[in-house]
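See below for model.pdb, which holds PDB, C-alpha atoms.
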```
ATOM      1  CA  MET D   1       4.427   0.178 -17.195
ATOM      2  CA  ALA D   2       1.155   1.924 -17.974
ATOM      3  CA  ALA D   3       0.498   2.509 -14.259
ATOM      4  CA  ILE D   4       3.487   4.829 -14.071
ATOM      5  CA  PHE D   5       2.097   7.245 -16.647
ATOM      6  CA  ASN D   6      -1.528   7.270 -15.476
ATOM      7  CA  PHE D   7      -1.962   9.042 -12.124
ATOM      8  CA  GLN D   8      -5.136   7.177 -11.142
ATOM      9  CA  SER D   9      -3.528   3.822 -11.893
ATOM     10  CA  MET D  10      -0.425   4.788  -9.935
ATOM     11  CA  LEU D  11      -2.564   5.666  -6.901
ATOM     12  CA  ALA D  12      -4.414   2.360  -7.206
ATOM     13  CA  VAL D  13      -1.120   0.452  -7.303
ATOM     14  CA  LEU D  14       0.191   2.331  -4.246
ATOM     15  CA  LEU D  15      -3.009   1.675  -2.277
ATOM     16  CA  LEU D  16      -2.933  -2.008  -3.200
ATOM     17  CA  MET D  17       0.722  -2.252  -2.145
ATOM     18  CA  ILE D  18       0.004  -0.577   1.189
ATOM     19  CA  CYS D  19      -2.991  -2.822   1.898
ATOM     20  CA  THR D  20      -1.193  -5.997   0.787
ATOM     21  CA  CYS D  21       1.918  -5.302   2.840
ATOM     22  CA  ALA D  22      -0.132  -4.488   5.945
ATOM     23  CA  TYR D  23      -2.089  -7.728   5.491
ATOM     24  CA  VAL D  24       1.053  -9.831   5.010
ATOM     25  CA  ARG D  25       2.652  -8.256   8.084
ATOM     26  CA  ALA D  26      -0.457  -9.045  10.138
ATOM     27  CA  LEU D  27      -0.292 -12.709   9.085
ATOM     28  CA  ALA D  28       3.472 -13.241   9.193
ATOM     29  CA  PRO D  29       5.367 -10.337  10.778
ATOM     30  CA  SER D  30       8.734 -12.065  10.460
ATOM     31  CA  LEU D  31       8.600 -11.848   6.657
ATOM     32  CA  LEU D  32       8.701  -8.062   6.594
ATOM     33  CA  ASP D  33      10.459  -7.315   9.889
ATOM     34  CA  LYS D  34      13.730  -8.915   8.846
ATOM     35  CA  ASN D  35      14.002  -6.597   5.811
ATOM     36  CA  LYS D  36      13.769  -3.125   7.325
ATOM     37  CA  THR D  37      16.610  -1.698   5.242
ATOM     38  CA  GLY D  38      17.580  -1.906   1.606
ATOM     39  CA  PHE D  39      15.325  -2.406  -1.369
ATOM     40  CA  LEU D  40      12.976  -4.815   0.437
ATOM     41  CA  GLY D  41      12.593  -2.237   3.198
ATOM     42  CA  ILE D  42      10.083  -0.478   0.943
ATOM     43  CA  PHE D  43       7.583  -3.232   1.691
ATOM     44  CA  TRP D  44       8.154  -2.840   5.433
ATOM     45  CA  LYS D  45       7.528   0.900   5.074
ATOM     46  CA  PHE D  46       4.314   0.255   3.148
ATOM     47  CA  ALA D  47       3.195  -2.059   5.957
ATOM     48  CA  ARG D  48       3.916   0.610   8.587
ATOM     49  CA  ILE D  49       1.920   3.165   6.615
ATOM     50  CA  GLY D  50      -0.954   0.703   6.381
ATOM     51  CA  GLU D  51      -0.868   0.006  10.108
ATOM     52  CA  ARG D  52      -0.521   3.550  11.396
ATOM     53  CA  LEU D  53      -2.759   5.326   8.899
ATOM     54  CA  SER D  54      -5.339   2.560   8.444
ATOM     55  CA  PRO D  55      -8.454   4.810   8.726
ATOM     56  CA  TYR D  56      -7.058   7.155   6.079
ATOM     57  CA  VAL D  57      -5.990   4.255   3.867
ATOM     58  CA  ALA D  58      -9.479   2.758   4.167
ATOM     59  CA  VAL D  59     -11.088   6.061   3.145
ATOM     60  CA  CYS D  60      -8.700   6.326   0.199
ATOM     61  CA  CYS D  61      -9.526   2.761  -0.875
ATOM     62  CA  ILE D  62     -13.246   3.514  -0.773
ATOM     63  CA  ALA D  63     -12.751   6.757  -2.705
ATOM     64  CA  MET D  64     -10.598   4.967  -5.286
ATOM     65  CA  GLY D  65     -13.203   2.236  -5.666
ATOM     66  CA  ILE D  66     -15.954   4.778  -6.237
ATOM     67  CA  SER D  67     -13.855   6.707  -8.738
ATOM     68  CA  VAL D  68     -13.006   3.541 -10.663
ATOM     69  CA  LEU D  69     -16.649   2.458 -10.779
ATOM     70  CA  PHE D  70     -18.211   5.758 -11.755
ATOM     71  CA  PHE D  71     -15.550   7.849 -13.540
TER
END
```
Would it be possible to restate this file's structure as structure tokens?
Amino acid sequence: MAAIFNFQSMLAVLLLMICTCAYVRALAPSLLDKNKTGFLGIFWKFARIGERLSPYVAVCCIAMGISVLFF
């Protein structure tokens, strides 16, 4: 619950979700493709964001890593 109230932690959780869902979809696409709607559709949407915006997600992950290490 603490990640909801801390903006930096919330961003870290969102980036980890995006990266994890994109990785799972790359390994087993059928797991996320069958749940495109409903509550589990959120994970499919995270995977699509990770696939289509991967350079931006990578830059955000690097920036988040640097901010966690040094700030």
Distance query stretch 44-49 of chain D at most 10 Å, only C-alpha atoms, self and fewer than 3 positions along chain excluded, as number ranges by chain: D: 14-26, 29, 31-37, 39-41, 52-54, 56-57
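Atom pair atom CA of D:Glu51 / atom CA of D:Phe70 has a distance of 28.5 Å (rounded to one decimal).
Counting from atom CA of D:Gly38, the distance to atom CA of D:Val59 is 29.8 Å.
Across the model, the gap from atom CA of D:Phe43 to atom CA of D:Ile62 is 22.0 Å.
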